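*Asks:* Structure file coords-v3.txt (compact mmCIF, C-alpha atoms) right here:
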```
# COMPACT_ATOMS: atom_id res chain seq x y z
CA MET A 1 -166.51 134.49 121.15
CA SER A 2 -163.30 132.63 120.39
CA GLU A 3 -162.63 130.46 117.36
CA LYS A 4 -162.22 127.48 119.70
CA ALA A 5 -165.66 128.10 121.22
CA LEU A 6 -167.20 128.29 117.75
CA GLU A 7 -165.60 124.96 116.85
CA VAL A 8 -167.59 123.34 119.66
CA PHE A 9 -170.79 124.05 117.74
CA ILE A 10 -169.27 122.97 114.42
CA ASP A 11 -168.31 119.65 116.06
CA GLY A 12 -171.86 119.39 117.42
CA VAL A 13 -173.37 119.71 113.94
CA LEU A 14 -170.94 117.18 112.45
CA ASN A 15 -171.67 114.78 115.29
CA TYR A 16 -175.44 115.10 114.82
CA PHE A 17 -175.35 114.34 111.10
CA LYS A 18 -173.00 111.40 111.69
CA HIS A 19 -176.08 109.56 112.91
CA THR A 20 -178.08 110.05 109.72
CA SER A 21 -178.04 107.57 106.84
CA ASP A 22 -176.14 110.06 104.69
CA ASN A 23 -173.52 111.80 106.78
CA LYS A 24 -171.81 113.72 103.99
CA ILE A 25 -172.24 117.12 105.53
CA LYS A 26 -170.13 120.18 104.76
CA VAL A 27 -169.66 123.15 107.04
CA GLY A 28 -168.87 126.54 105.52
CA ALA A 29 -166.75 129.31 106.97
CA PRO A 30 -168.56 131.06 109.84
CA TYR A 31 -169.33 134.76 109.39
CA LEU A 32 -170.69 137.57 111.54
CA HIS A 33 -174.27 138.68 110.95
CA ASN A 34 -176.31 141.60 112.27
CA ASN A 35 -179.18 140.55 114.55
CA THR A 36 -181.52 143.24 113.28
CA GLU A 37 -182.11 140.90 110.35
CA PRO A 38 -181.62 137.37 111.78
CA ALA A 39 -180.47 134.70 109.35
CA THR A 40 -183.47 132.35 109.13
CA LEU A 41 -184.98 129.76 106.81
CA ASP A 42 -188.41 128.02 106.99
CA TYR A 43 -188.10 126.57 110.52
CA THR A 44 -185.88 127.54 113.43
CA GLY A 45 -185.21 125.73 116.70
CA ILE A 46 -184.03 128.20 119.34
CA ILE A 47 -182.24 127.45 122.60
CA GLY A 48 -181.86 130.14 125.25
CA VAL A 49 -178.52 130.06 127.05
CA SER A 50 -177.78 131.34 130.55
CA GLY A 51 -175.05 130.88 133.14
CA SER A 52 -171.45 131.10 131.96
CA TYR A 53 -172.66 132.37 128.55
CA LYS A 54 -175.80 134.36 127.81
CA GLY A 55 -177.76 134.55 124.56
CA VAL A 56 -179.19 132.09 122.07
CA VAL A 57 -178.11 129.26 119.81
CA TYR A 58 -180.39 128.32 116.96
CA PHE A 59 -180.58 125.88 114.06
CA THR A 60 -182.50 127.07 111.00
CA ALA A 61 -183.38 124.99 107.96
CA PRO A 62 -185.77 124.72 105.03
CA LYS A 63 -188.75 122.38 105.34
CA VAL A 64 -187.43 120.10 102.59
CA LEU A 65 -184.17 119.48 104.47
CA LEU A 66 -186.08 118.63 107.63
CA THR A 67 -188.41 116.27 105.79
CA HIS A 68 -185.43 114.53 104.23
CA LEU A 69 -183.63 114.44 107.58
CA LEU A 70 -186.64 112.83 109.30
CA LEU A 71 -186.69 110.06 106.70
CA SER A 72 -182.94 109.67 106.97
CA LEU A 73 -183.29 109.17 110.73
CA GLY A 74 -185.78 106.35 110.15
CA GLU A 75 -188.88 108.42 110.97
CA SER A 76 -191.65 107.92 108.41
CA ASP A 77 -194.04 110.52 109.87
CA THR A 78 -193.09 113.80 108.21
CA SER A 79 -195.98 115.81 109.63
CA MET A 80 -195.55 119.46 110.55
CA GLU A 81 -195.53 118.45 114.24
CA ASN A 82 -192.59 116.13 113.70
CA ILE A 83 -190.75 118.70 111.59
CA ALA A 84 -191.10 121.22 114.42
CA ASP A 85 -190.07 118.54 116.91
CA LEU A 86 -186.99 117.71 114.83
CA ILE A 87 -185.71 121.26 114.48
CA GLY A 88 -186.04 121.74 118.23
CA GLU A 89 -184.26 118.47 118.91
CA VAL A 90 -181.36 119.35 116.57
CA ALA A 91 -180.91 122.69 118.33
CA ASN A 92 -181.16 121.01 121.73
CA THR A 93 -178.61 118.34 120.82
CA ILE A 94 -176.04 120.76 119.40
CA SER A 95 -176.40 123.08 122.41
CA GLY A 96 -176.41 120.25 124.95
CA ASN A 97 -173.32 118.67 123.44
CA ALA A 98 -171.52 122.02 123.87
CA ARG A 99 -171.52 121.35 127.63
CA SER A 100 -168.75 118.78 127.13
CA GLU A 101 -166.53 121.81 126.49
CA PHE A 102 -168.26 124.60 128.44
CA GLY A 103 -169.38 122.56 131.47
CA GLN A 104 -172.53 122.44 133.57
CA ASN A 105 -172.79 126.23 133.92
CA PHE A 106 -173.61 126.46 130.21
CA MET A 107 -177.33 126.24 130.96
CA ILE A 108 -179.79 125.64 128.15
CA SER A 109 -183.54 126.06 127.89
CA VAL A 110 -186.02 123.68 126.32
CA PRO A 111 -186.32 124.47 122.59
CA THR A 112 -188.65 127.06 121.14
CA VAL A 113 -189.66 126.56 117.51
CA ALA A 114 -190.43 129.40 115.11
CA ARG A 115 -191.72 129.33 111.55
CA GLY A 116 -190.50 131.95 109.08
CA ARG A 117 -188.67 135.07 110.11
CA LEU A 118 -187.54 135.41 113.72
CA SER A 119 -188.91 138.32 115.68
CA GLU A 120 -186.77 140.80 117.62
CA ALA A 121 -187.78 139.00 120.81
CA HIS A 122 -185.89 135.88 119.79
CA VAL A 123 -182.38 137.30 119.44
CA PRO A 124 -180.55 140.01 121.41
CA GLN A 125 -180.61 143.05 119.14
CA ALA A 126 -177.50 144.61 120.64
CA LEU A 127 -175.32 141.63 119.70
CA ARG A 128 -174.15 140.11 116.46
CA SER A 129 -174.31 136.42 115.66
CA TYR A 130 -171.89 133.95 114.16
CA VAL A 131 -173.57 132.08 111.33
CA ILE A 132 -172.18 128.61 110.60
CA PRO A 133 -173.41 127.55 107.14
CA ILE A 134 -174.34 123.88 106.71
CA TYR A 135 -174.56 122.06 103.40
CA TRP A 136 -176.29 118.66 103.49
CA LYS A 137 -177.26 116.89 100.29
CA SER A 138 -178.44 119.76 98.06
CA TYR A 139 -179.78 121.87 100.94
CA ASN A 140 -178.47 124.82 102.94
CA ALA A 141 -179.06 125.32 106.65
CA ALA A 142 -177.24 127.13 109.45
CA VAL A 143 -176.35 127.01 113.09
CA VAL A 144 -176.38 130.52 114.51
CA VAL A 145 -174.51 131.31 117.72
CA CYS A 146 -175.23 134.56 119.54
CA LEU A 147 -173.53 134.42 122.93
CA GLU A 148 -171.69 136.73 125.28
CA GLN A 149 -169.72 135.82 128.40
CA MET B 1 -187.08 82.73 126.81
CA SER B 2 -185.85 86.03 128.27
CA GLN B 3 -187.63 87.90 131.02
CA LEU B 4 -189.85 90.69 129.68
CA PHE B 5 -189.11 94.06 131.30
CA LYS B 6 -191.77 96.77 131.49
CA MET B 7 -190.37 99.98 130.05
CA MET B 8 -191.29 103.67 130.27
CA ILE B 9 -189.92 106.25 127.81
CA VAL B 10 -189.62 109.84 129.07
CA ASP B 11 -188.61 112.49 126.53
CA ASP B 12 -190.19 115.74 125.33
CA SER B 13 -189.44 114.85 121.71
CA ASN B 14 -191.89 112.58 119.92
CA ILE B 15 -189.18 111.68 117.40
CA ILE B 16 -186.84 110.52 120.14
CA ARG B 17 -189.59 108.58 121.93
CA ARG B 18 -190.36 106.76 118.68
CA LYS B 19 -186.67 106.14 117.99
CA ILE B 20 -186.19 104.62 121.45
CA GLU B 21 -189.26 102.45 120.93
CA ARG B 22 -187.87 101.25 117.57
CA SER B 23 -184.39 100.67 119.00
CA ARG B 24 -185.25 98.49 121.98
CA ASP B 25 -185.36 94.72 121.67
CA ALA B 26 -189.12 94.03 121.73
CA SER B 27 -188.55 90.50 122.98
CA ILE B 28 -186.99 91.93 126.17
CA PHE B 29 -188.58 95.37 126.66
CA ASP B 30 -192.32 95.97 126.58
CA VAL B 31 -193.16 99.69 126.38
CA VAL B 32 -195.96 100.23 128.91
CA ALA B 33 -195.83 104.04 129.14
CA VAL B 34 -194.50 107.14 127.44
CA ALA B 35 -194.25 110.62 128.94
CA SER B 36 -193.17 113.99 127.58
CA ASP B 37 -192.05 115.47 130.91
CA GLY B 38 -191.13 114.46 134.44
CA GLU B 39 -194.51 115.30 135.96
CA SER B 40 -196.37 113.09 133.53
CA ALA B 41 -193.86 110.28 134.13
CA LEU B 42 -194.42 110.42 137.89
CA GLN B 43 -198.21 110.47 137.44
CA GLN B 44 -198.01 107.25 135.42
CA LEU B 45 -195.48 105.54 137.66
CA GLU B 46 -197.88 103.85 140.10
CA ASP B 47 -200.27 102.48 137.46
CA LYS B 48 -197.65 101.28 135.03
CA THR B 49 -194.91 100.09 137.45
CA PRO B 50 -192.05 100.04 134.91
CA ASP B 51 -188.87 98.06 135.54
CA VAL B 52 -186.84 100.23 133.18
CA VAL B 53 -187.07 103.93 132.31
CA THR B 54 -185.25 105.92 129.62
CA MET B 55 -185.03 109.50 130.85
CA ASP B 56 -184.32 112.74 129.01
CA LEU B 57 -182.93 115.54 131.19
CA THR B 58 -183.95 118.83 129.55
CA MET B 59 -187.75 118.83 129.63
CA PRO B 60 -190.52 121.31 130.46
CA ARG B 61 -192.36 121.31 133.82
CA MET B 62 -190.10 118.81 135.60
CA ASP B 63 -186.60 118.04 134.37
CA GLY B 64 -185.03 114.60 134.30
CA ILE B 65 -182.78 115.00 137.35
CA ALA B 66 -185.72 115.98 139.58
CA CYS B 67 -187.80 113.16 138.10
CA ILE B 68 -185.10 110.54 138.77
CA GLU B 69 -184.85 111.71 142.38
CA ALA B 70 -188.63 111.50 142.82
CA MET B 71 -188.80 108.08 141.13
CA MET B 72 -186.08 106.69 143.38
CA GLY B 73 -188.06 107.94 146.39
CA LYS B 74 -191.04 105.89 145.21
CA ASN B 75 -189.23 102.82 143.90
CA PRO B 76 -185.44 102.58 144.13
CA ASP B 77 -185.44 99.34 142.11
CA ILE B 78 -186.38 101.09 138.85
CA LYS B 79 -183.46 101.02 136.43
CA VAL B 80 -183.09 104.45 134.80
CA LEU B 81 -181.06 105.00 131.64
CA VAL B 82 -180.47 108.69 130.98
CA VAL B 83 -180.66 109.61 127.28
CA SER B 84 -179.65 113.24 127.00
CA ALA B 85 -177.77 115.77 124.88
CA LEU B 86 -176.17 117.21 128.02
CA SER B 87 -172.68 115.82 127.57
CA ASP B 88 -170.71 117.27 130.49
CA LYS B 89 -169.29 114.92 133.10
CA ALA B 90 -170.83 116.76 136.06
CA THR B 91 -174.37 116.20 134.77
CA GLY B 92 -173.66 112.52 134.15
CA ILE B 93 -172.31 112.14 137.68
CA GLU B 94 -175.27 114.04 139.14
CA ALA B 95 -177.74 111.75 137.35
CA LEU B 96 -175.90 108.65 138.62
CA GLU B 97 -175.81 110.04 142.15
CA LYS B 98 -179.59 110.55 142.01
CA GLY B 99 -180.04 106.89 141.12
CA ALA B 100 -179.65 106.48 137.34
CA ARG B 101 -177.90 103.25 136.29
CA GLY B 102 -176.57 104.41 132.91
CA PHE B 103 -176.14 107.37 130.59
CA ILE B 104 -176.00 107.68 126.82
CA CYS B 105 -175.54 110.89 124.98
CA LYS B 106 -177.67 112.20 122.10
CA PRO B 107 -177.29 111.79 119.22
CA PHE B 108 -177.25 108.02 119.56
CA SER B 109 -177.51 105.10 117.18
CA GLU B 110 -180.20 102.45 117.55
CA LEU B 111 -177.47 99.91 118.34
CA GLN B 112 -176.00 102.10 121.12
CA LEU B 113 -179.40 102.44 122.76
CA SER B 114 -180.23 98.76 122.42
CA ASP B 115 -176.86 97.74 123.89
CA ALA B 116 -177.17 100.20 126.78
CA LEU B 117 -180.62 98.86 127.70
CA ARG B 118 -179.48 95.24 127.54
CA GLU B 119 -176.41 96.01 129.64
CA MET B 120 -178.50 97.80 132.25
CA VAL B 121 -180.73 94.78 132.84
CA GLY B 122 -177.88 92.29 132.54
CA VAL B 123 -178.98 90.66 129.31
CA GLY B 124 -176.11 90.01 126.90
CA ASN B 125 -176.24 90.41 123.15
CA VAL B 126 -177.29 87.36 121.18
```
Take the structure in the file and give it back as structure tokens.
*Replies:*
Amino acid sequence: MSEKALEVFIDGVLNYFKHTSDNKIKVGAPYLHNNTEPATLDYTGIIGVSGSYKGVVYFTAPKVLLTHLLLSLGESDTSMENIADLIGEVANTISGNARSEFGQNFMISVPTVARGRLSEAHVPQALRSYVIPIYWKSYNAAVVVCLEQ
Amino acid sequence: MSQLFKMMIVDDSNIIRRKIERSRDASIFDVVAVASDGESALQQLEDKTPDVVTMDLTMPRMDGIACIEAMMGKNPDIKVLVVSALSDKATGIEALEKGARGFICKPFSELQLSDALREMVGVGNV
């Protein structure tokens, strides 16, 4: 995956957080990570990708970040259902926005939400992922891109 | 006094449905139905007879494009505003060709959504 392609997802994250009440988000340097131990936090929203690229894109975050993000988006209901809904929606938005660069053949699934560690079924074991670290307020999260052409 | 338009919100995310409901001008748009997928939206269509629909595209069971096409077959006067993360031009054009009247991309601000709804029904900002 090229640096330019990775920037599409970085732009997607920055664009998403622009619409929160506190948009001071920092993105760290992406790094490669082995899929045998997927990089995950409390909740993960996973999007399956097919078509011109194949694999997964996921957004993973701690519960406290998601609770804070819900409030920041004007949503007062911070139930577990809404937290799961939010992490799926963030993953969906970042992946969907990538079609502005990759086009209509970058086909995305509806989000799947996982709690805790991802299982082997979620990410292709033969590939490695690019982890894009996210720093928002005092919290860490990540967008993880595992795609092949 | 402005005309009151009956509105349906179709999105698989509860957070987005609630955000759209908060964003619309309640003096112009009365939310009469919400649906989390295209099938559910079509089932409610005949009872609720909305004038305006906000439509997500990526949804389980029936996606937004198929739902717009089916809705137009039942009532071509419904004004559909697509609200989707799918940001490529081809998808926007496809939705418009199926009968949608407007398209806004997620993530969106409450003002963007409110303005897009007003524009679609021809009501200016006050």
*Asks:* Do a neighbour search on Asp47 of chain B at 12 Å with all atoms listed in the file, toss out local chain neighbours closer than 5 positions, and write the hits as a ChimeraX atom specification.
*Replies:* /B:6,8,32-33,40-42
*Asks:* In file coordinates, which residues lie within 8 Å of (-184.7, 108.9, 132.9) using only C-alpha atoms, given as a PDB file with C-alpha atoms, in the frame of the given file?
*Replies:*
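Below is the file result_23.pdb, written as the result:
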```
ATOM      1  CA  ILE B   9    -189.920 106.250 127.810  1.00  0.00           C
ATOM      2  CA  VAL B  10    -189.620 109.840 129.070  1.00  0.00           C
ATOM      3  CA  VAL B  53    -187.070 103.930 132.310  1.00  0.00           C
ATOM      4  CA  THR B  54    -185.250 105.920 129.620  1.00  0.00           C
ATOM      5  CA  MET B  55    -185.030 109.500 130.850  1.00  0.00           C
ATOM      6  CA  ASP B  56    -184.320 112.740 129.010  1.00  0.00           C
ATOM      7  CA  LEU B  57    -182.930 115.540 131.190  1.00  0.00           C
ATOM      8  CA  GLY B  64    -185.030 114.600 134.300  1.00  0.00           C
ATOM      9  CA  ILE B  65    -182.780 115.000 137.350  1.00  0.00           C
ATOM     10  CA  CYS B  67    -187.800 113.160 138.100  1.00  0.00           C
ATOM     11  CA  ILE B  68    -185.100 110.540 138.770  1.00  0.00           C
ATOM     12  CA  VAL B  80    -183.090 104.450 134.800  1.00  0.00           C
ATOM     13  CA  LEU B  81    -181.060 105.000 131.640  1.00  0.00           C
ATOM     14  CA  VAL B  82    -180.470 108.690 130.980  1.00  0.00           C
ATOM     15  CA  VAL B  83    -180.660 109.610 127.280  1.00  0.00           C
ATOM     16  CA  ALA B 100    -179.650 106.480 137.340  1.00  0.00           C
TER      17      ALA B 100
END
```
*Asks:* Residues of chain B near chain A: apply a cut-off of 6 Å, count all atoms listed in the file, and supply the list as a list in words.
*Replies:* Ala85, Leu86, Ser87, Asp88 and Pro107 of chain B
*Asks:* Can you write out the residues you just picked, keeping C-alpha atoms, as a short mmCIF file (atom, residue, chain, number, x, y, z; two decimals), keeping the file's coordinate frame?
*Replies:*
```
data_model
loop_
_atom_site.label_atom_id
_atom_site.label_comp_id
_atom_site.auth_asym_id
_atom_site.auth_seq_id
_atom_site.Cartn_x
_atom_site.Cartn_y
_atom_site.Cartn_z
CA ALA B 85 -177.77 115.77 124.88
CA LEU B 86 -176.17 117.21 128.02
CA SER B 87 -172.68 115.82 127.57
CA ASP B 88 -170.71 117.27 130.49
CA PRO B 107 -177.29 111.79 119.22
#
```
*Asks:* Tell me, in Å to one decimal, how far atom CA of Pro60 of chain B is from atom CA of Val64 of chain A.
*Replies:* 28.1 Å
*Asks:* Find the residues around Ala39 of chain A up to 12 Å (all atoms listed in the file counted), leave out those fewer than 2 positions away in its own chain, and share them as number ranges by chain.
*Replies:* A: 31-37, 41-44, 58-61, 116-119, 122-123, 128-133, 140-146
*Asks:* Figure out the distance between atom CA of Arg18 of chain B and atom CA of Val123 of chain B, please, to one decimal in Å.
*Replies:*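 Going from atom CA of Val123 of chain B over to atom CA of Arg18 of chain B, I get 22.4 Å.
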*Asks:* Taking the structure I provided as the source, export segment 68-79 of chain A with N, CA, C and O atoms, as a PDB file, in the first residue's frame.
*Replies:*
```
ATOM      1  N   HIS A  68     -16.680   9.992  25.521  1.00  0.00           N
ATOM      2  CA  HIS A  68     -16.382  11.423  25.374  1.00  0.00           C
ATOM      3  C   HIS A  68     -16.765  11.904  23.964  1.00  0.00           C
ATOM      4  O   HIS A  68     -17.320  12.999  23.794  1.00  0.00           O
ATOM      5  N   LEU A  69     -16.493  11.083  22.980  1.00  0.00           N
ATOM      6  CA  LEU A  69     -16.794  11.450  21.590  1.00  0.00           C
ATOM      7  C   LEU A  69     -18.307  11.568  21.374  1.00  0.00           C
ATOM      8  O   LEU A  69     -18.778  12.477  20.696  1.00  0.00           O
ATOM      9  N   LEU A  70     -19.067  10.647  21.975  1.00  0.00           N
ATOM     10  CA  LEU A  70     -20.537  10.731  21.864  1.00  0.00           C
ATOM     11  C   LEU A  70     -21.034  12.068  22.402  1.00  0.00           C
ATOM     12  O   LEU A  70     -21.820  12.761  21.749  1.00  0.00           O
ATOM     13  N   LEU A  71     -20.552  12.429  23.584  1.00  0.00           N
ATOM     14  CA  LEU A  71     -20.974  13.693  24.201  1.00  0.00           C
ATOM     15  C   LEU A  71     -20.559  14.870  23.333  1.00  0.00           C
ATOM     16  O   LEU A  71     -21.304  15.828  23.151  1.00  0.00           O
ATOM     17  N   SER A  72     -19.366  14.772  22.783  1.00  0.00           N
ATOM     18  CA  SER A  72     -18.832  15.846  21.942  1.00  0.00           C
ATOM     19  C   SER A  72     -19.638  16.015  20.650  1.00  0.00           C
ATOM     20  O   SER A  72     -19.692  17.107  20.091  1.00  0.00           O
ATOM     21  N   LEU A  73     -20.268  14.932  20.222  1.00  0.00           N
ATOM     22  CA  LEU A  73     -21.099  14.988  19.009  1.00  0.00           C
ATOM     23  C   LEU A  73     -22.531  15.424  19.318  1.00  0.00           C
ATOM     24  O   LEU A  73     -23.377  15.462  18.429  1.00  0.00           O
ATOM     25  N   GLY A  74     -22.791  15.714  20.599  1.00  0.00           N
ATOM     26  CA  GLY A  74     -24.133  16.181  20.981  1.00  0.00           C
ATOM     27  C   GLY A  74     -25.077  15.068  21.375  1.00  0.00           C
ATOM     28  O   GLY A  74     -26.272  15.286  21.544  1.00  0.00           O
ATOM     29  N   GLU A  75     -24.546  13.836  21.543  1.00  0.00           N
ATOM     30  CA  GLU A  75     -25.377  12.686  21.891  1.00  0.00           C
ATOM     31  C   GLU A  75     -25.256  12.430  23.402  1.00  0.00           C
ATOM     32  O   GLU A  75     -24.167  12.125  23.887  1.00  0.00           O
ATOM     33  N   SER A  76     -26.369  12.556  24.107  1.00  0.00           N
ATOM     34  CA  SER A  76     -26.326  12.415  25.567  1.00  0.00           C
ATOM     35  C   SER A  76     -26.439  10.954  26.025  1.00  0.00           C
ATOM     36  O   SER A  76     -26.098  10.627  27.147  1.00  0.00           O
ATOM     37  N   ASP A  77     -26.929  10.084  25.167  1.00  0.00           N
ATOM     38  CA  ASP A  77     -27.084   8.669  25.522  1.00  0.00           C
ATOM     39  C   ASP A  77     -25.760   7.939  25.281  1.00  0.00           C
ATOM     40  O   ASP A  77     -25.380   7.688  24.133  1.00  0.00           O
ATOM     41  N   THR A  78     -25.076   7.623  26.380  1.00  0.00           N
ATOM     42  CA  THR A  78     -23.762   6.967  26.247  1.00  0.00           C
ATOM     43  C   THR A  78     -23.856   5.484  26.608  1.00  0.00           C
ATOM     44  O   THR A  78     -22.929   4.915  27.175  1.00  0.00           O
ATOM     45  N   SER A  79     -24.987   4.883  26.282  1.00  0.00           N
ATOM     46  CA  SER A  79     -25.180   3.454  26.543  1.00  0.00           C
ATOM     47  C   SER A  79     -24.207   2.616  25.708  1.00  0.00           C
ATOM     48  O   SER A  79     -23.637   3.105  24.717  1.00  0.00           O
TER      49      SER A  79
END
```
